[in-house]
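One file, protein-v4.txt, is given below (compact mmCIF, C-alpha atoms and all ligand atoms).
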# COMPACT_ATOMS: atom_id res chain seq x y z
CA MET C 1305 100.17 92.38 93.50
CA ASN C 1306 100.50 90.08 96.48
CA ARG C 1307 99.47 86.47 95.89
CA LEU C 1308 97.56 84.89 98.76
CA THR C 1309 97.43 81.08 98.52
CA ALA C 1310 95.58 78.56 100.66
CA VAL C 1311 97.63 75.41 101.27
CA THR C 1312 95.68 72.32 102.34
CA LEU C 1313 97.64 69.96 104.57
CA GLN C 1314 97.34 66.16 104.58
CA ASP C 1315 94.76 66.13 107.37
CA GLY C 1316 92.57 68.65 105.53
CA LEU C 1317 93.55 71.73 107.54
CA THR C 1318 94.23 74.86 105.53
CA VAL C 1319 96.94 77.43 106.15
CA GLU C 1320 97.96 80.29 103.90
CA THR C 1321 100.97 81.87 102.33
CA VAL C 1322 101.47 85.38 100.94
CA MET C 1323 103.94 85.93 98.11
CA TYR C 1324 105.15 89.52 97.86
CA PRO C 1325 106.31 90.83 94.49
CA TYR C 1326 109.83 91.51 95.82
CA GLY C 1327 110.49 87.79 96.34
CA THR C 1328 109.59 87.23 99.99
CA LEU C 1329 107.19 84.40 100.78
CA CYS C 1330 105.31 84.60 104.08
CA ILE C 1331 104.39 81.19 105.51
CA SER C 1332 102.51 79.94 108.59
CA SER C 1333 103.97 78.03 111.54
CA GLN C 1334 100.67 76.90 113.05
CA ALA C 1335 97.07 76.24 112.06
CA GLY C 1336 95.32 78.91 114.12
CA CYS C 1337 97.01 80.67 117.02
CA ARG C 1338 96.43 80.75 120.78
CA MET C 1339 97.71 84.30 121.19
CA ALA C 1340 94.37 85.91 120.28
CA CYS C 1341 95.77 89.34 119.43
CA PRO C 1342 92.49 91.23 118.99
CA PHE C 1343 93.51 93.01 115.76
CA CYS C 1344 94.46 89.77 113.97
CA ALA C 1345 92.34 87.37 111.97
CA SER C 1346 94.58 84.37 112.58
CA GLY C 1347 93.93 84.10 116.29
CA ARG C 1348 90.16 84.36 116.18
CA LYS C 1349 89.52 80.63 116.39
CA GLY C 1350 92.32 79.68 118.75
CA LEU C 1351 95.04 77.14 118.06
CA VAL C 1352 94.30 73.96 116.14
CA ARG C 1353 97.85 72.58 115.98
CA GLY C 1354 101.46 73.41 115.29
CA LEU C 1355 102.86 72.54 111.86
CA THR C 1356 105.81 70.26 111.27
CA ALA C 1357 108.98 71.57 109.65
CA GLU C 1358 108.04 69.50 106.60
CA GLU C 1359 104.67 71.28 106.38
CA MET C 1360 106.48 74.63 106.51
CA LEU C 1361 108.78 73.40 103.75
CA GLU C 1362 105.73 72.35 101.72
CA GLN C 1363 104.42 75.92 101.93
CA ALA C 1364 107.83 77.29 100.96
CA GLN C 1365 107.84 75.07 97.88
CA THR C 1366 104.55 76.48 96.57
CA GLU C 1367 106.45 79.48 95.17
CA PRO C 1368 109.53 78.40 93.19
CA LYS C 1369 110.46 82.05 92.59
CA ALA C 1370 110.70 82.93 96.29
CA LYS C 1371 114.11 84.27 97.27
CA ARG C 1372 113.57 84.30 101.02
CA ILE C 1373 111.02 83.04 103.53
CA THR C 1374 109.44 84.83 106.44
CA VAL C 1375 107.62 82.84 109.14
CA SER C 1376 105.20 85.70 109.80
CA GLY C 1377 101.87 84.17 108.82
CA ILE C 1378 99.42 82.28 111.00
CA GLY C 1379 100.75 81.19 114.39
CA GLU C 1380 103.25 82.14 117.06
CA PRO C 1381 106.59 80.55 116.09
CA LEU C 1382 107.84 80.26 119.69
CA ASP C 1383 104.77 78.18 120.57
CA ASN C 1384 106.06 75.65 118.02
CA TYR C 1385 109.73 76.29 118.62
CA GLU C 1386 111.30 72.90 117.86
CA GLU C 1387 109.63 72.58 114.46
CA VAL C 1388 110.45 76.19 113.56
CA GLU C 1389 114.09 75.60 114.48
CA ARG C 1390 114.14 72.42 112.35
CA PHE C 1391 112.63 74.37 109.47
CA ILE C 1392 115.19 77.19 109.74
CA ARG C 1393 117.97 74.60 109.64
CA MET C 1394 116.55 72.64 106.68
CA SER C 1395 115.34 75.54 104.50
CA PRO C 1396 117.41 76.11 101.36
CA LEU C 1397 116.33 79.78 101.47
CA PRO C 1398 117.11 82.36 104.17
CA VAL C 1399 114.41 82.44 106.86
CA SER C 1400 113.24 85.32 109.04
CA VAL C 1401 110.71 85.00 111.86
CA THR C 1402 108.14 87.30 113.48
CA THR C 1403 107.28 86.64 117.12
CA THR C 1404 105.45 88.13 120.08
CA ALA C 1405 108.17 86.60 122.34
CA SER C 1406 105.52 84.35 123.89
CA HIS C 1407 108.29 82.39 125.64
CA PRO C 1408 111.15 84.77 126.54
CA GLU C 1409 113.53 81.89 127.30
CA LEU C 1410 113.04 80.57 123.77
CA LEU C 1411 113.52 84.02 122.25
CA ALA C 1412 117.20 83.87 123.24
CA LYS C 1413 117.51 80.46 121.53
CA LEU C 1414 115.80 81.76 118.41
CA LEU C 1415 118.14 84.75 118.28
CA SER C 1416 121.12 82.38 118.28
CA LEU C 1417 119.92 80.36 115.25
CA PRO C 1418 121.17 80.92 111.67
CA HIS C 1419 118.15 83.09 110.82
CA ASN C 1420 117.84 85.94 108.38
CA GLY C 1421 116.07 88.24 110.85
CA VAL C 1422 113.89 88.11 113.95
CA MET C 1423 111.10 90.67 114.25
CA ILE C 1424 109.78 91.08 117.78
CA SER C 1425 106.23 92.44 117.96
CA LEU C 1426 105.99 94.87 120.88
CA HIS C 1427 103.14 97.20 119.89
CA GLY C 1428 103.14 99.27 123.06
CA GLY C 1429 105.16 101.72 125.08
CA SER C 1430 103.37 100.94 128.35
CA GLU C 1431 102.59 97.51 129.72
CA GLU C 1432 98.91 98.47 129.57
CA ALA C 1433 98.83 99.18 125.84
CA HIS C 1434 100.93 96.08 125.12
CA LYS C 1435 98.48 93.97 127.14
CA LYS C 1436 95.55 95.32 125.13
CA LEU C 1437 97.10 94.40 121.79
CA VAL C 1438 99.10 91.27 122.65
CA PRO C 1439 97.16 90.03 125.70
CA LYS C 1440 98.79 86.64 126.03
CA ALA C 1441 102.39 87.76 125.63
CA PRO C 1442 104.66 88.13 128.65
CA ALA C 1443 105.15 91.61 130.13
CA LEU C 1444 107.26 94.03 128.10
CA SER C 1445 109.77 94.13 130.97
CA GLU C 1446 110.33 90.36 130.60
CA ILE C 1447 110.69 90.62 126.84
CA TYR C 1448 113.21 93.48 127.04
CA ALA C 1449 115.13 91.59 129.73
CA ALA C 1450 115.38 88.55 127.42
CA ILE C 1451 116.57 90.70 124.51
CA SER C 1452 119.13 92.46 126.75
CA GLU C 1453 120.54 89.16 127.94
CA ALA C 1454 120.79 87.79 124.38
CA TRP C 1455 122.31 91.09 123.20
CA LYS C 1456 125.41 90.47 125.34
CA HIS C 1457 126.27 87.41 123.26
CA MET C 1458 125.38 88.62 119.77
CA SER C 1459 127.68 90.00 117.08
CA VAL C 1460 126.96 93.42 115.57
CA ARG C 1461 125.97 91.65 112.36
CA SER C 1462 123.36 89.55 114.20
CA LYS C 1463 122.07 92.55 116.11
CA LYS C 1464 121.46 94.37 112.84
CA LYS C 1465 119.09 91.59 111.82
CA ILE C 1466 116.75 92.23 114.74
CA GLY C 1467 113.60 94.27 114.21
CA LEU C 1468 111.35 95.77 116.88
CA ASN C 1469 107.82 95.88 115.50
CA TYR C 1470 105.37 98.62 116.41
CA LEU C 1471 101.82 98.63 115.08
CA PRO C 1472 100.16 101.96 115.87
CA VAL C 1473 96.47 101.50 116.58
CA GLU C 1474 94.18 104.49 116.95
CA GLY C 1475 93.45 105.38 120.57
CA ILE C 1476 95.42 102.46 122.02
CA ASN C 1477 99.17 102.99 121.60
CA ASP C 1478 99.47 106.04 119.37
CA SER C 1479 99.85 108.81 121.98
CA ASP C 1480 103.09 110.78 122.34
CA GLU C 1481 103.57 109.16 125.74
CA GLU C 1482 103.27 105.62 124.37
CA ILE C 1483 105.60 106.29 121.48
CA GLY C 1484 108.06 108.00 123.83
CA LEU C 1485 108.16 105.00 126.18
CA PHE C 1486 108.67 102.64 123.26
CA ALA C 1487 111.49 104.81 121.90
CA GLU C 1488 113.27 104.78 125.28
CA ASN C 1489 113.31 100.99 125.30
CA ALA C 1490 114.23 100.67 121.62
CA GLN C 1491 117.23 102.96 122.21
CA ARG C 1492 118.69 100.20 124.38
CA PHE C 1493 119.24 98.16 121.18
CA PRO C 1494 120.82 100.72 118.84
CA GLU C 1495 121.91 98.23 116.17
CA SER C 1496 118.34 96.95 115.69
CA SER C 1497 115.74 98.53 113.46
CA VAL C 1498 112.23 99.64 114.33
CA HIS C 1499 109.53 98.45 111.95
CA LEU C 1500 106.52 100.73 111.87
CA LEU C 1501 103.68 98.52 110.69
CA THR C 1502 100.27 99.36 109.28
CA LEU C 1503 97.12 97.70 110.57
CA ASN C 1504 95.14 95.75 108.01
CA LYS C 1505 91.68 96.18 109.48
CA VAL C 1506 89.93 92.86 110.11
CA GLN C 1507 86.23 92.27 109.64
CA ASN C 1508 84.19 93.10 112.81
CA SER C 1509 87.27 94.46 114.59
CA PRO C 1510 86.97 97.67 116.67
CA PHE C 1511 90.63 98.50 116.02
CA SER C 1512 91.56 101.07 113.39
CA PRO C 1513 94.86 102.15 111.90
CA VAL C 1514 96.13 105.64 112.68
CA SER C 1515 95.82 108.28 109.96
CA ASN C 1516 98.63 108.68 107.44
CA GLU C 1517 99.48 112.03 109.03
CA ARG C 1518 99.83 110.52 112.50
CA ARG C 1519 101.91 107.67 111.07
CA GLU C 1520 104.29 110.21 109.57
CA GLU C 1521 104.52 112.06 112.88
CA ILE C 1522 105.34 108.81 114.70
CA PHE C 1523 107.90 107.91 112.03
CA ASN C 1524 109.61 111.29 112.33
CA PHE C 1525 109.52 111.23 116.14
CA LEU C 1526 111.24 107.83 116.24
CA ARG C 1527 113.84 108.98 113.72
CA GLU C 1528 114.56 112.05 115.77
CA LYS C 1529 115.26 109.73 118.69
CA GLY C 1530 118.06 108.25 116.60
CA LEU C 1531 116.27 105.00 115.79
CA ASN C 1532 116.67 103.21 112.49
CA VAL C 1533 112.99 103.23 111.52
CA ARG C 1534 111.51 101.43 108.55
CA ARG C 1535 107.94 101.61 107.35
CA ALA C 1536 106.04 98.54 106.14
CA ASN C 1537 106.42 98.55 102.37
CA SER C 1538 103.43 99.27 100.17
CA PHE C 1539 102.81 95.59 99.38
CA ARG C 1540 102.34 94.75 103.05
CA ARG C 1541 99.85 97.58 103.33
CA GLN C 1542 97.59 96.12 100.63
CA GLU C 1543 94.35 94.37 101.54
CA LYS C 1544 95.99 91.00 100.97
CA GLY C 1545 99.16 92.05 102.75
CA GLY C 1546 98.51 90.30 106.01
CA CYS C 1547 98.00 86.65 106.77
CA GLY C 1548 94.75 85.44 108.28
CA THR C 1549 92.36 86.56 105.57
CA LEU C 1550 91.77 83.16 103.96
CA TRP C 1551 91.87 81.44 107.31
CA LEU C 1552 89.18 83.78 108.56
CA LYS C 1553 87.03 83.23 105.51
CA LYS C 1554 87.22 79.44 105.64
CA TYR C 1555 86.67 79.05 109.37
CA LEU C 1556 84.46 81.94 110.37
CA ASP C 1557 82.11 82.46 107.43
S1 LIG Y 1 99.29 88.53 115.45
FE1 LIG Y 1 100.51 86.64 115.32
S2 LIG Y 1 100.63 85.97 117.46
FE2 LIG Y 1 98.94 87.42 117.38
S3 LIG Y 1 97.07 86.14 117.02
FE3 LIG Y 1 97.87 86.83 115.02
S4 LIG Y 1 99.17 85.13 114.31
FE4 LIG Y 1 98.89 84.89 116.54

Show me the file's structure as structure tokens.
Amino acid sequence: MNRLTAVTLQDGLTVETVMYPYGTLCISSQAGCRMACPFCASGRKGLVRGLTAEEMLEQAQTEPKAKRITVSGIGEPLDNYEEVERFIRMSPLPVSVTTTASHPELLAKLLSLPHNGVMISLHGGSEEAHKKLVPKAPALSEIYAAISEAWKHMSVRSKKKIGLNYLPVEGINDSDEEIGLFAENAQRFPESSVHLLTLNKVQNSPFSPVSNERREEIFNFLREKGLNVRRANSFRRQEKGGCGTLWLKKYLD
């Protein structure tokens, strides 16, 4: 079972961590988030503040058995870039990061750090679908341009650590056309992997995950396009598999 833990910071703010049974600890980079992705609990109340690298380390130390850290919880890491970079450099454990590429110029810097993986959340084939799900992110064309530029300077080993995240949401980005457009762009980065995520439905949200059958179709379609596709593992698909749940309870109840 996943272990969801609320961590109270010195000023009384609470963030949360999720420990997955396979040894990955998911931590937060901010208290709240300005990105307001409509399917996510963490952005519902806006941004309160960015966390310091020490506060990220404090979260990492709550689970002595963690083998690796992922900064994929509450917050957009590029909105708090300097502290996230400091944390990556000071962490005794390997660190991966999930980002919406909110600042494309900082994405290139992030890709050049000694990270253990950068997952870029795209969630749309067309600009329109991307805008619906990640409304405050730059246009997909800007994000792909930033990745392309960084790609020229990266080793094959580094490129293999990059993930392109796609979260299929019913009626928004799950059509053949959307998936086809996404596949075309993903094919530009053949060493990367595509991470097919599963939506953890949030209270009062109109967004629903696609059916298991449709998910399989999308998975197979992307594979047939030659992409290295991975599904979210079963632990991340559990009710407590996504960050934002405790945050939502404490601040919205
Ligand atoms: S999905 Fe990530 S970037 Fe979007 S609101 Fe949630 S925490 Fe922020």

Nearest to ligand LIG 1 (chain Y) by atom-to-atom distance, counting only C-alpha atoms and all ligand atoms, from C:Gln1365, C:Ser1346, C:Ser1459, C:Asn1420: C:Ser1346

Distance in Å - CA of Arg1338 (chain C) versus CA of Ala1310 (chain C): 20.3 Å

Within-8 Å residues of ligand LIG 1 (chain Y), basis all atoms listed in the file, as a ChimeraX atom specification: /C:1336-1348,1376-1380,1402-1404,1438,1547-1548

Neighbour residues at most 9 Å from (106.3, 79.6, 97.6) (all atoms listed in the file) as JSON, numbers by chain: {"C": [1321, 1322, 1323, 1328, 1329, 1330, 1331, 1362, 1363, 1364, 1365, 1366, 1367, 1368, 1369, 1370, 1373]}

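In this model, the gap between CA of Leu1382 (chain C) and CA of Leu1411 (chain C) comes to 7.3 Å.
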
Nearest candidate to His1419 (chain C) (options C:Val1388, C:Leu1444, C:Leu1526, C:Val1506; using all atoms listed in the file): C:Val1388

Your completed region 1389-1404 of chain C with N, CA and C atoms, as a PDB file, keeping the file's coordinate frame:
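Okay, result10.pdb is ready:
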ATOM      1  N   GLU C1389     112.617  75.723 114.536  1.00  0.00           N
ATOM      2  CA  GLU C1389     114.090  75.600 114.480  1.00  0.00           C
ATOM      3  C   GLU C1389     114.499  74.588 113.416  1.00  0.00           C
ATOM      4  N   ARG C1390     113.804  73.440 113.377  1.00  0.00           N
ATOM      5  CA  ARG C1390     114.140  72.420 112.350  1.00  0.00           C
ATOM      6  C   ARG C1390     113.962  73.007 110.955  1.00  0.00           C
ATOM      7  N   PHE C1391     112.874  73.787 110.796  1.00  0.00           N
ATOM      8  CA  PHE C1391     112.630  74.370 109.470  1.00  0.00           C
ATOM      9  C   PHE C1391     113.740  75.350 109.088  1.00  0.00           C
ATOM     10  N   ILE C1392     114.129  76.205 110.043  1.00  0.00           N
ATOM     11  CA  ILE C1392     115.190  77.190 109.740  1.00  0.00           C
ATOM     12  C   ILE C1392     116.453  76.448 109.293  1.00  0.00           C
ATOM     13  N   ARG C1393     116.736  75.333 109.964  1.00  0.00           N
ATOM     14  CA  ARG C1393     117.970  74.600 109.640  1.00  0.00           C
ATOM     15  C   ARG C1393     117.873  73.844 108.324  1.00  0.00           C
ATOM     16  N   MET C1394     116.672  73.440 107.922  1.00  0.00           N
ATOM     17  CA  MET C1394     116.550  72.640 106.680  1.00  0.00           C
ATOM     18  C   MET C1394     116.233  73.491 105.437  1.00  0.00           C
ATOM     19  N   SER C1395     115.775  74.729 105.644  1.00  0.00           N
ATOM     20  CA  SER C1395     115.340  75.540 104.500  1.00  0.00           C
ATOM     21  C   SER C1395     116.513  75.895 103.582  1.00  0.00           C
ATOM     22  N   PRO C1396     116.355  75.682 102.285  1.00  0.00           N
ATOM     23  CA  PRO C1396     117.410  76.110 101.360  1.00  0.00           C
ATOM     24  C   PRO C1396     117.445  77.629 101.192  1.00  0.00           C
ATOM     25  N   LEU C1397     116.388  78.313 101.597  1.00  0.00           N
ATOM     26  CA  LEU C1397     116.330  79.780 101.470  1.00  0.00           C
ATOM     27  C   LEU C1397     116.499  80.424 102.835  1.00  0.00           C
ATOM     28  N   PRO C1398     117.004  81.676 102.883  1.00  0.00           N
ATOM     29  CA  PRO C1398     117.110  82.360 104.170  1.00  0.00           C
ATOM     30  C   PRO C1398     115.729  82.551 104.809  1.00  0.00           C
ATOM     31  N   VAL C1399     115.695  82.404 106.136  1.00  0.00           N
ATOM     32  CA  VAL C1399     114.410  82.440 106.860  1.00  0.00           C
ATOM     33  C   VAL C1399     114.431  83.517 107.942  1.00  0.00           C
ATOM     34  N   SER C1400     113.435  84.395 107.925  1.00  0.00           N
ATOM     35  CA  SER C1400     113.240  85.320 109.040  1.00  0.00           C
ATOM     36  C   SER C1400     111.955  84.919 109.774  1.00  0.00           C
ATOM     37  N   VAL C1401     111.815  85.420 110.989  1.00  0.00           N
ATOM     38  CA  VAL C1401     110.710  85.000 111.860  1.00  0.00           C
ATOM     39  C   VAL C1401     110.114  86.230 112.538  1.00  0.00           C
ATOM     40  N   THR C1402     108.795  86.253 112.686  1.00  0.00           N
ATOM     41  CA  THR C1402     108.140  87.300 113.480  1.00  0.00           C
ATOM     42  C   THR C1402     107.514  86.665 114.709  1.00  0.00           C
ATOM     43  N   THR C1403     107.762  87.243 115.871  1.00  0.00           N
ATOM     44  CA  THR C1403     107.280  86.640 117.120  1.00  0.00           C
ATOM     45  C   THR C1403     106.806  87.690 118.107  1.00  0.00           C
ATOM     46  N   THR C1404     105.880  87.269 118.970  1.00  0.00           N
ATOM     47  CA  THR C1404     105.450  88.130 120.080  1.00  0.00           C
ATOM     48  C   THR C1404     106.304  87.864 121.321  1.00  0.00           C
TER      49      THR C1404
END
